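Text of target-v3.csv (CSV, C-alpha atoms and all ligand atoms) as supplied:
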chain,number,residue,atom,x,y,z
A,10,MET,CA,273.5,-35.9,117.9
A,11,ASN,CA,271.0,-38.6,118.3
A,12,ASP,CA,267.6,-37.5,116.9
A,13,ARG,CA,265.9,-40.8,116.9
A,14,PRO,CA,262.5,-40.2,118.3
A,15,GLU,CA,261.0,-42.0,121.3
A,16,GLN,CA,258.7,-44.7,120.2
A,17,GLU,CA,256.2,-46.8,122.0
A,18,PRO,CA,257.2,-50.4,122.1
A,19,GLY,CA,255.5,-52.4,119.4
A,20,GLN,CA,254.5,-49.3,117.5
A,21,ARG,CA,255.5,-49.3,113.8
A,22,PRO,CA,257.4,-46.1,112.7
A,23,PRO,CA,255.6,-43.9,110.3
A,24,VAL,CA,255.6,-44.6,106.6
A,25,VAL,CA,258.2,-42.4,104.7
A,26,LEU,CA,258.0,-43.9,101.2
A,27,ASP,CA,254.7,-45.0,99.9
A,28,VAL,CA,254.6,-46.2,96.3
A,29,ALA,CA,251.6,-48.0,94.7
A,30,GLY,CA,250.9,-49.0,91.2
A,31,LEU,CA,253.8,-46.8,89.9
A,32,ARG,CA,254.1,-46.8,86.1
A,33,MET,CA,256.6,-45.2,83.8
A,34,ARG,CA,256.4,-45.4,80.1
A,35,TYR,CA,259.1,-44.1,77.8
A,36,GLY,CA,257.6,-43.8,74.3
A,37,THR,CA,255.8,-47.2,73.8
A,38,HIS,CA,257.9,-49.0,76.4
A,39,ASP,CA,256.7,-49.6,79.9
A,40,VAL,CA,259.8,-49.6,82.1
A,41,LEU,CA,257.8,-49.6,85.3
A,42,ARG,CA,254.5,-51.4,85.1
A,43,ASP,CA,253.2,-51.7,88.6
A,44,VAL,CA,255.8,-50.9,91.3
A,45,THR,CA,254.5,-51.1,94.9
A,46,PHE,CA,256.4,-50.8,98.1
A,47,ARG,CA,256.6,-48.9,101.4
A,48,ALA,CA,259.5,-47.9,103.7
A,49,HIS,CA,259.2,-46.9,107.3
A,50,ARG,CA,261.2,-44.3,109.2
A,51,GLY,CA,264.7,-45.5,109.8
A,52,GLU,CA,264.6,-48.4,107.4
A,53,VAL,CA,267.3,-49.1,104.8
A,54,LEU,CA,266.0,-50.5,101.6
A,55,ALA,CA,268.1,-51.8,98.7
A,56,LEU,CA,266.5,-51.8,95.3
A,57,LEU,CA,268.2,-54.5,93.3
A,58,GLY,CA,267.6,-55.3,89.6
A,59,PRO,CA,269.4,-56.0,86.4
A,60,ASN,CA,270.6,-53.2,84.0
A,61,GLY,CA,267.7,-51.3,82.6
A,62,ALA,CA,265.2,-52.7,85.1
A,63,GLY,CA,264.2,-49.1,86.1
A,64,LYS,CA,266.0,-48.6,89.4
A,65,THR,CA,267.3,-45.1,88.5
A,66,THR,CA,263.9,-44.2,87.0
A,67,THR,CA,262.1,-45.2,90.3
A,68,VAL,CA,264.6,-43.2,92.4
A,69,GLU,CA,264.3,-40.2,90.1
A,70,ILE,CA,260.5,-40.2,90.4
A,71,LEU,CA,260.7,-40.3,94.2
A,72,GLU,CA,263.3,-37.4,94.2
A,73,GLY,CA,260.8,-35.4,92.1
A,74,PHE,CA,263.2,-35.2,89.1
A,75,ARG,CA,261.0,-37.3,86.8
A,76,ALA,CA,257.2,-37.2,86.2
A,77,ARG,CA,255.6,-40.6,86.4
A,78,SER,CA,253.1,-41.9,83.9
A,79,ALA,CA,250.6,-43.3,86.5
A,80,GLY,CA,250.3,-44.6,90.1
A,81,ARG,CA,250.9,-43.1,93.5
A,82,ALA,CA,254.1,-41.9,95.0
A,83,GLU,CA,254.5,-40.2,98.4
A,84,VAL,CA,257.7,-39.2,100.1
A,85,LEU,CA,257.4,-37.9,103.7
A,86,GLY,CA,253.7,-37.6,103.0
A,87,THR,CA,254.1,-35.4,99.9
A,88,ASP,CA,253.8,-36.2,96.2
A,89,PRO,CA,257.3,-35.7,94.9
A,90,ALA,CA,255.9,-34.1,91.7
A,91,LEU,CA,254.5,-31.3,93.9
A,92,GLY,CA,257.2,-31.1,96.6
A,93,GLY,CA,258.4,-27.5,97.3
A,94,GLU,CA,261.6,-26.2,98.8
A,95,ARG,CA,260.7,-27.2,102.4
A,96,TRP,CA,260.0,-30.8,101.3
A,97,ARG,CA,263.2,-30.9,99.2
A,98,ALA,CA,265.3,-29.7,102.2
A,99,ARG,CA,264.1,-32.9,104.0
A,100,THR,CA,265.4,-35.2,101.3
A,101,GLY,CA,269.0,-35.9,100.3
A,102,ILE,CA,270.4,-37.3,97.1
A,103,VAL,CA,273.8,-38.8,96.4
A,104,LEU,CA,274.4,-38.3,92.7
A,105,GLN,CA,276.9,-40.3,90.7
A,106,SER,CA,279.6,-37.7,91.0
A,107,TRP,CA,280.0,-34.0,91.8
A,108,ARG,CA,282.0,-32.8,88.8
A,109,ASP,CA,281.7,-29.0,89.3
A,110,HIS,CA,283.4,-26.9,91.9
A,111,GLY,CA,286.8,-28.5,91.4
A,112,LYS,CA,288.5,-25.3,92.6
A,113,TRP,CA,286.6,-25.3,95.9
A,114,ARG,CA,288.0,-26.9,99.0
A,115,VAL,CA,286.1,-29.7,100.7
A,116,ARG,CA,285.2,-27.9,103.9
A,117,GLU,CA,284.4,-24.6,102.0
A,118,LEU,CA,282.0,-26.4,99.7
A,119,LEU,CA,280.1,-28.2,102.4
A,120,ALA,CA,279.8,-25.1,104.5
A,121,HIS,CA,278.5,-23.2,101.5
A,122,LEU,CA,276.0,-25.8,100.5
A,123,GLY,CA,274.9,-26.3,104.1
A,124,SER,CA,274.0,-22.7,104.4
A,125,TYR,CA,271.1,-23.2,102.1
A,126,TYR,CA,269.5,-25.6,104.6
A,127,ALA,CA,269.7,-23.3,107.6
A,128,PRO,CA,266.2,-21.8,107.1
A,129,TYR,CA,264.8,-25.4,107.2
A,130,ALA,CA,266.1,-26.3,110.6
A,131,THR,CA,263.4,-27.5,113.0
A,132,PRO,CA,263.4,-28.2,116.8
A,133,ALA,CA,263.8,-31.9,116.0
A,134,VAL,CA,266.4,-31.6,113.2
A,135,ALA,CA,269.3,-29.1,113.3
A,136,ARG,CA,270.2,-28.1,109.8
A,137,PRO,CA,272.8,-28.0,108.3
A,138,TRP,CA,275.1,-30.7,109.6
A,139,ASP,CA,278.2,-29.0,111.1
A,140,PRO,CA,280.8,-29.2,108.3
A,141,ASP,CA,283.6,-30.5,110.5
A,142,ASP,CA,281.4,-33.2,112.1
A,143,LEU,CA,280.1,-34.2,108.6
A,144,ILE,CA,283.7,-34.4,107.2
A,145,ALA,CA,284.7,-36.6,110.1
A,146,ALA,CA,281.6,-38.8,109.6
A,147,VAL,CA,282.5,-39.5,106.0
A,148,GLY,CA,286.2,-40.0,106.8
A,149,LEU,CA,287.5,-36.9,105.0
A,150,THR,CA,289.1,-35.0,107.9
A,151,ALA,CA,292.6,-35.2,106.4
A,152,ASP,CA,291.2,-33.8,103.1
A,153,ALA,CA,289.1,-31.0,104.5
A,154,GLY,CA,291.4,-28.2,103.2
A,155,ARG,CA,292.1,-29.8,99.8
A,156,LYS,CA,290.8,-28.7,96.5
A,157,ILE,CA,288.1,-31.0,95.2
A,158,ARG,CA,289.8,-31.6,91.8
A,159,THR,CA,292.9,-33.1,93.6
A,160,LEU,CA,290.8,-35.8,95.4
A,161,SER,CA,291.1,-39.4,94.3
A,162,GLY,CA,287.9,-41.0,92.8
A,163,GLY,CA,287.0,-42.8,96.1
A,164,ARG,CA,287.5,-39.7,98.1
A,165,ARG,CA,285.3,-37.8,95.7
A,166,ARG,CA,282.6,-40.4,96.2
A,167,ARG,CA,282.8,-39.7,100.0
A,168,LEU,CA,282.4,-36.1,99.3
A,169,ASP,CA,279.3,-36.9,97.1
A,170,ALA,CA,277.9,-38.7,100.1
A,171,ALA,CA,278.7,-35.7,102.4
A,172,ILE,CA,276.9,-33.4,99.9
A,173,GLY,CA,273.8,-35.6,100.0
A,174,LEU,CA,273.9,-35.5,103.8
A,175,VAL,CA,274.7,-31.9,104.5
A,176,GLY,CA,271.0,-30.9,105.0
A,177,ARG,CA,270.5,-33.8,107.5
A,178,PRO,CA,267.9,-35.4,105.2
A,179,GLU,CA,265.1,-37.5,106.7
A,180,VAL,CA,265.1,-39.6,103.6
A,181,LEU,CA,268.3,-40.3,101.6
A,182,PHE,CA,268.4,-41.6,98.0
A,183,LEU,CA,271.6,-43.3,97.0
A,184,ASP,CA,272.0,-44.4,93.3
A,185,GLU,CA,274.8,-47.0,93.2
A,186,PRO,CA,276.6,-45.3,96.0
A,187,THR,CA,279.8,-47.4,96.3
A,188,THR,CA,280.7,-47.8,92.6
A,189,GLY,CA,284.5,-47.2,92.5
A,190,PHE,CA,285.1,-47.6,96.2
A,191,ASP,CA,287.9,-49.8,97.4
A,192,PRO,CA,286.8,-52.5,99.9
A,193,GLU,CA,287.8,-50.4,102.9
A,194,ALA,CA,286.0,-47.3,101.7
A,195,ARG,CA,283.0,-49.5,101.0
A,196,ALA,CA,283.0,-51.0,104.5
A,197,GLU,CA,283.3,-47.5,106.0
A,198,PHE,CA,280.4,-46.2,103.9
A,199,HIS,CA,278.3,-49.2,105.0
A,200,THR,CA,279.0,-48.3,108.6
A,201,LEU,CA,278.0,-44.7,107.9
A,202,VAL,CA,274.7,-45.6,106.3
A,203,ARG,CA,273.8,-48.0,109.1
A,204,ARG,CA,274.6,-45.3,111.7
A,205,LEU,CA,272.4,-42.8,109.9
A,206,ALA,CA,269.5,-45.2,110.1
A,207,ALA,CA,270.2,-46.3,113.6
A,208,GLU,CA,271.1,-43.0,115.3
A,209,HIS,CA,269.2,-40.5,113.2
A,210,ALA,CA,266.3,-42.6,111.9
A,211,THR,CA,267.1,-41.7,108.4
A,212,THR,CA,265.2,-43.7,105.8
A,213,VAL,CA,267.5,-44.8,103.0
A,214,LEU,CA,266.7,-46.1,99.5
A,215,LEU,CA,269.7,-47.3,97.6
A,216,THR,CA,270.1,-48.9,94.3
A,217,THR,CA,272.9,-51.5,93.8
A,218,HIS,CA,273.9,-54.4,91.6
A,219,ASP,CA,275.9,-55.8,94.5
A,220,LEU,CA,274.0,-58.5,96.3
A,221,ASP,CA,276.5,-58.7,99.0
A,222,GLU,CA,276.1,-54.9,99.6
A,223,ALA,CA,272.3,-55.3,99.7
A,224,ASP,CA,272.6,-58.2,102.1
A,225,ARG,CA,275.0,-56.3,104.5
A,226,LEU,CA,273.3,-52.9,104.4
A,227,ALA,CA,269.6,-53.3,103.9
A,228,ASP,CA,266.8,-54.1,106.3
A,229,ARG,CA,264.8,-55.1,103.3
A,230,ILE,CA,265.7,-56.0,99.7
A,231,LEU,CA,263.4,-55.2,96.8
A,232,VAL,CA,264.0,-57.0,93.6
A,233,LEU,CA,262.8,-55.0,90.5
A,234,ALA,CA,262.4,-57.1,87.3
A,235,GLY,CA,259.9,-57.0,84.4
A,236,GLY,CA,258.6,-53.6,85.7
A,237,ARG,CA,257.5,-55.0,89.1
A,238,ILE,CA,258.8,-55.6,92.5
A,239,VAL,CA,259.0,-59.4,92.3
A,240,ALA,CA,260.4,-59.9,95.8
A,241,ASP,CA,260.4,-57.8,99.0
A,242,GLY,CA,262.0,-59.0,102.3
A,243,THR,CA,265.1,-59.5,104.3
A,244,ALA,CA,267.9,-61.5,102.7
A,245,ALA,CA,267.0,-64.5,104.9
A,246,GLU,CA,263.3,-64.2,104.0
A,247,LEU,CA,264.1,-64.1,100.3
A,248,ALA,CA,266.3,-67.1,100.6
A,249,ARG,CA,263.6,-69.0,102.4
A,250,ARG,CA,260.6,-67.8,100.3
A,251,TYR,CA,262.1,-68.0,96.9
A,252,ALA,CA,264.9,-70.4,97.3
A,253,ALA,CA,266.4,-71.6,94.1
A,254,PRO,CA,266.9,-75.4,94.0
A,255,ASP,CA,270.1,-77.1,95.3
A,256,GLU,CA,272.4,-78.8,92.9
A,257,VAL,CA,273.5,-82.4,93.5
A,258,ARG,CA,276.4,-84.0,91.7
A,259,TRP,CA,277.6,-87.6,91.9
A,260,THR,CA,279.1,-90.5,90.0
A,261,ALA,CA,277.6,-93.9,89.6
A,262,GLY,CA,278.4,-96.7,87.1
A,263,GLY,CA,281.4,-94.7,85.8
A,264,ARG,CA,279.3,-91.7,84.8
A,265,ARG,CA,278.9,-88.2,86.2
A,266,HIS,CA,275.4,-87.0,87.0
A,267,THR,CA,273.9,-83.6,88.0
A,268,ALA,CA,270.4,-82.9,89.2
A,269,THR,CA,268.6,-80.0,90.9
A,270,THR,CA,266.3,-80.6,93.8
A,271,ALA,CA,264.4,-78.6,96.5
A,272,ASP,CA,265.4,-81.2,99.2
A,273,SER,CA,269.0,-82.3,98.7
A,274,THR,CA,269.0,-84.4,102.0
A,275,ALA,CA,266.1,-86.6,100.8
A,276,PHE,CA,267.7,-86.7,97.3
A,277,ALA,CA,271.1,-87.9,98.7
A,278,ARG,CA,269.3,-90.5,100.9
A,279,GLN,CA,267.7,-91.9,97.7
A,280,LEU,CA,271.0,-92.0,95.9
A,281,PHE,CA,272.6,-94.0,98.7
A,282,HIS,CA,269.7,-96.3,98.7
A,283,ARG,CA,269.8,-96.8,94.9
A,284,HIS,CA,273.5,-97.0,94.4
A,285,GLY,CA,275.0,-98.2,97.7
A,286,ASP,CA,278.8,-98.5,97.4
A,287,ALA,CA,278.7,-97.6,93.7
A,288,LEU,CA,277.9,-94.0,94.6
A,289,GLY,CA,280.9,-91.7,94.5
A,290,GLU,CA,282.0,-88.0,94.5
A,291,LEU,CA,278.8,-86.8,96.0
A,292,GLU,CA,278.6,-83.0,96.1
A,293,VAL,CA,275.7,-80.8,97.3
A,294,ARG,CA,275.7,-77.2,96.4
A,295,ARG,CA,273.1,-75.2,98.3
A,296,ALA,CA,271.5,-72.3,96.4
A,297,SER,CA,273.1,-69.0,97.4
A,298,LEU,CA,271.3,-65.7,97.7
A,299,ALA,CA,272.9,-65.0,94.2
A,300,ASP,CA,271.1,-68.0,92.8
A,301,THR,CA,267.8,-66.9,94.4
A,302,TYR,CA,268.2,-63.4,93.0
A,303,ALA,CA,269.0,-64.8,89.5
A,304,ALA,CA,266.0,-67.1,89.6
A,305,LEU,CA,263.7,-64.1,90.7
A,306,VAL,CA,265.0,-61.9,87.9
A,307,ARG,CA,264.5,-64.7,85.3
A,308,ARG,CA,261.0,-65.2,86.5
A,309,GLY,CA,260.1,-61.5,86.5
A,310,GLU,CA,261.4,-61.1,83.0
A,311,ARG,CA,259.6,-64.3,81.8
A,312,GLU,CA,256.3,-63.0,83.2
A,313,GLU,CA,256.8,-59.6,81.5
A,314,THR,CA,257.4,-61.4,78.1
A,315,ALA,CA,254.3,-63.6,78.6
A,316,ARG,CA,252.0,-60.6,79.1
A,401,LIG,N1,264.7,-40.4,79.4
A,401,LIG,C1,264.5,-41.6,78.9
A,401,LIG,N2,263.9,-41.8,77.7
A,401,LIG,C2,263.7,-43.0,77.2
A,401,LIG,N3,264.1,-44.2,77.8
A,401,LIG,C3,264.7,-44.0,79.0
A,401,LIG,C4,265.0,-42.8,79.6
A,401,LIG,N4,265.6,-43.0,80.8
A,401,LIG,C5,265.7,-44.3,80.9
A,401,LIG,N5,265.2,-44.9,79.8
A,401,LIG,C6,265.2,-46.4,79.7
A,401,LIG,O1,264.5,-47.0,80.7
A,401,LIG,C7,265.0,-48.2,81.1
A,401,LIG,C8,265.4,-48.2,82.6
A,401,LIG,O2,266.5,-47.3,82.8
A,401,LIG,P1,267.0,-47.1,84.3
A,401,LIG,O3,268.2,-46.2,84.1
A,401,LIG,O4,265.9,-46.6,85.2
A,401,LIG,O5,267.4,-48.5,84.7
A,401,LIG,P2,268.4,-49.0,85.9
A,401,LIG,O6,267.7,-50.2,86.5
A,401,LIG,O7,268.8,-47.9,86.8
A,401,LIG,O8,269.7,-49.5,85.0
A,401,LIG,P3,271.2,-49.6,85.4
A,401,LIG,O9,271.3,-50.7,86.3
A,401,LIG,O10,271.8,-49.9,84.1
A,401,LIG,O11,271.6,-48.3,86.0
A,401,LIG,C9,266.2,-48.4,80.2
A,401,LIG,O12,265.8,-49.3,79.2
A,401,LIG,C10,266.5,-47.0,79.7
A,401,LIG,O13,267.1,-47.1,78.4

Spit out the file's structure as structure tokens when you get a sec.
Amino acid sequence: MNDRPEQEPGQRPPVVLDVAGLRMRYGTHDVLRDVTFRAHRGEVLALLGPNGAGKTTTVEILEGFRARSAGRAEVLGTDPALGGERWRARTGIVLQSWRDHGKWRVRELLAHLGSYYAPYATPAVARPWDPDDLIAAVGLTADAGRKIRTLSGGRRRRLDAAIGLVGRPEVLFLDEPTTGFDPEARAEFHTLVRRLAAEHATTVLLTTHDLDEADRLADRILVLAGGRIVADGTAAELARRYAAPDEVRWTAGGRRHTATTADSTAFARQLFHRHGDALGELEVRRASLADTYAALVRRGEREETAR
């Protein structure tokens, strides 16, 4: 089913996640100081940050599982701290792993959980997702009749994803969704998430440590460091806006040299000019997205310490 709504050309889809000045204090420690971002319908956002940056905390606040200390948070136009059953039925969560229900069979569990969502079906969104269609969408058809405790770790994670999707959520929260996936399962999962966004206009917020995953999957990357969003944009925008310097290496006069520069072409030109034939082993290493990310995190953490 394709439930992506008709949209006037040039019209921006509605805001689904709206977070402003979000703060979270644990004891005397401010984990989130001032987190501000928005997501529109059908957008996939990756929240990237080092260990302990507060990614899970942010997601849990938006899921309504954690009370914030201050600031504004709205999910589908509702404050998650006040969201009732009807609101919850429109959100989906993929938790780290579904440990219970080991004796249940895959299809049986999805049909059972799905039945809770039936009262929340609307003319625009049929709920729940048909179990067999959902099982096919996450690539578990061959395992539909198996008991959950006999599934491999990667297959369990696919089931976790199916559990998060069974109510056909309009917004989906994924906390490190592909941890433990093999490369093939990861690629299939990426395809599934992109399809949800493209065909069903599902808004997705996922946390990850994997820059490559964020780059492949997300329309926008948010970097959380020092309690703030220190960068917000596509991978290409981040690389352009916050590019870490290039590294240039060369030998001259029998010695090896290394320098960093924002303009490696101009730098190399100067080296040729200065050393002529004495210049050797010239290497230019362009800053990668990983370098840009590392530089952003360092800057965010430095700014936090300086406050
Ligand atoms: N209930 C709690 N009480 C006190 N401190 C907490 C609580 N939950 C989380 N923290 C602290 O808040 C900080 C952020 O934790 P959080 O799990 O949100 O980070 P994260 O970015 O998701 O980290 P990771 O990448 O390691 O999963 C950490 O220092 C953590 O120890």

| field | All residues 7 Å or closer to stretch 297-302 of chain A, only C-alpha atoms, same chain fewer than 5 positions away omitted, as number ranges by chain | value | A: 220, 248, 251-253

| field | Non-local contacts of A:Thr66 (9 Å; all atoms listed in the file; under 6 positions in same chain excluded) as a list of chain:residue names | value |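 These residues fall inside the cut-off: A:Met33, A:Val40, A:Leu41, A:Arg75.
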
| What lies within 8 Å of A:Ala98 using all atoms listed in the file, ignoring chain neighbours under 6 positions off, as a ChimeraX atom specification? | /A:126,129,176,178

| said: Counting all atoms listed in the file, which residue out of A:Asp139, A:Val53, A:Arg165, A:Glu310 sits closest to A:Leu201? | reply: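 Of A:Asp139, A:Val53, A:Arg165, A:Glu310, the one nearest A:Leu201, counting all atoms listed in the file, is A:Val53.
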
| query | Which polymer residues have any atom within 9 Å of an atom of stretch 155-161 of chain A, counting all atoms listed in the file, with same-chain residues fewer than 4 positions away left out, as a ChimeraX atom specification? | reply | /A:108-116,118,151,165-166,168

Dump as CSV the rows for residues of chain A within 7 Å of ligand LIG 401 (chain A): closest atom pair and distance in Å with one decimal, only C-alpha atoms and all ligand atoms counted, ordered by chain and rising residue number.
residue,atom,partner,partner_atom,distance
A:Tyr35,CA,A:LIG401,C2,4.8
A:Gly36,CA,A:LIG401,C2,6.8
A:Val40,CA,A:LIG401,C7,5.5
A:Gly58,CA,A:LIG401,O6,6.0
A:Pro59,CA,A:LIG401,O9,5.6
A:Asn60,CA,A:LIG401,O9,3.5
A:Gly61,CA,A:LIG401,O5,3.5
A:Ala62,CA,A:LIG401,O6,3.8
A:Gly63,CA,A:LIG401,O4,3.2
A:Lys64,CA,A:LIG401,O6,3.7
A:Thr65,CA,A:LIG401,O7,3.6
A:Thr66,CA,A:LIG401,O4,3.6
A:Thr67,CA,A:LIG401,O4,6.5
A:His218,CA,A:LIG401,O9,7.0

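Across the model, the gap from atom CA of A:Glu313 to atom CA of A:Leu31 is 15.6 Å.
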
| said: For a cutoff of 8 Å around the file-coordinate point (272.1, -39.0, 96.9), which residues qualify once you count all atoms listed in the file? I'd like the result as a list of chain:residue names. | reply: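 Within 8 Å of (272.1, -39.0, 96.9), the protein and nucleic acid residues are A:Gly101, A:Ile102, A:Val103, A:Leu104, A:Gln105, A:Asp169, A:Ala170, A:Ile172, A:Gly173, A:Leu174, A:Leu181, A:Phe182, A:Leu183, A:Asp184, A:Pro186.
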
| field | Residue nearest A:Gly93 among A:Ala133, A:Arg283, A:Leu247, A:Gly73 (counting all atoms listed in the file) | value |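 So, comparing all the options, the nearest one is A:Gly73.
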
| message | I'd like the interatomic distance between atom CA of A:Leu231 and atom CA of A:Leu56, to a tenth of an Å. | response |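 Separating atom CA of A:Leu231 from atom CA of A:Leu56 is a distance of 4.8 Å.
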
| Quick one: distance from atom CA of A:Ala76 to atom CA of A:Val28 in Å, one decimal? | 13.8 Å

| Restricting the calculation to all atoms listed in the file, which member of A:Arg258, A:Arg203, A:Arg167, A:Arg136 is positioned closest to A:Gly189? | A:Arg167

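Distances from A:Arg204, A:Leu54, A:His38, A:Arg307 to A:Asp224 were compared using all atoms listed in the file, and the smallest one belongs to A:Leu54.
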
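Nearest to A:Val202 of all the residues A:Ala55, A:Ala79, A:Leu233, A:Ala303 is A:Ala55, counting only C-alpha atoms.
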
| Taking all atoms listed in the file into account, which of A:Val180, A:Pro128, A:Thr45, A:Arg316 comes nearest A:Arg99? |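 That would be A:Val180, the residue with the smallest distance to A:Arg99.
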
Find the residues around A:Leu26 up to 7 Å (all atoms listed in the file counted), leave out those fewer than 6 positions away in its own chain, and share them as a PDB file with C-alpha atoms, in the frame of the given file.
ATOM      1  CA  ARG A  47     256.600 -48.900 101.400  1.00  0.00           C
ATOM      2  CA  ALA A  48     259.500 -47.900 103.700  1.00  0.00           C
ATOM      3  CA  HIS A  49     259.200 -46.900 107.300  1.00  0.00           C
ATOM      4  CA  GLU A  83     254.500 -40.200  98.400  1.00  0.00           C
ATOM      5  CA  VAL A  84     257.700 -39.200 100.100  1.00  0.00           C
ATOM      6  CA  LEU A  85     257.400 -37.900 103.700  1.00  0.00           C
TER       7      LEU A  85
END
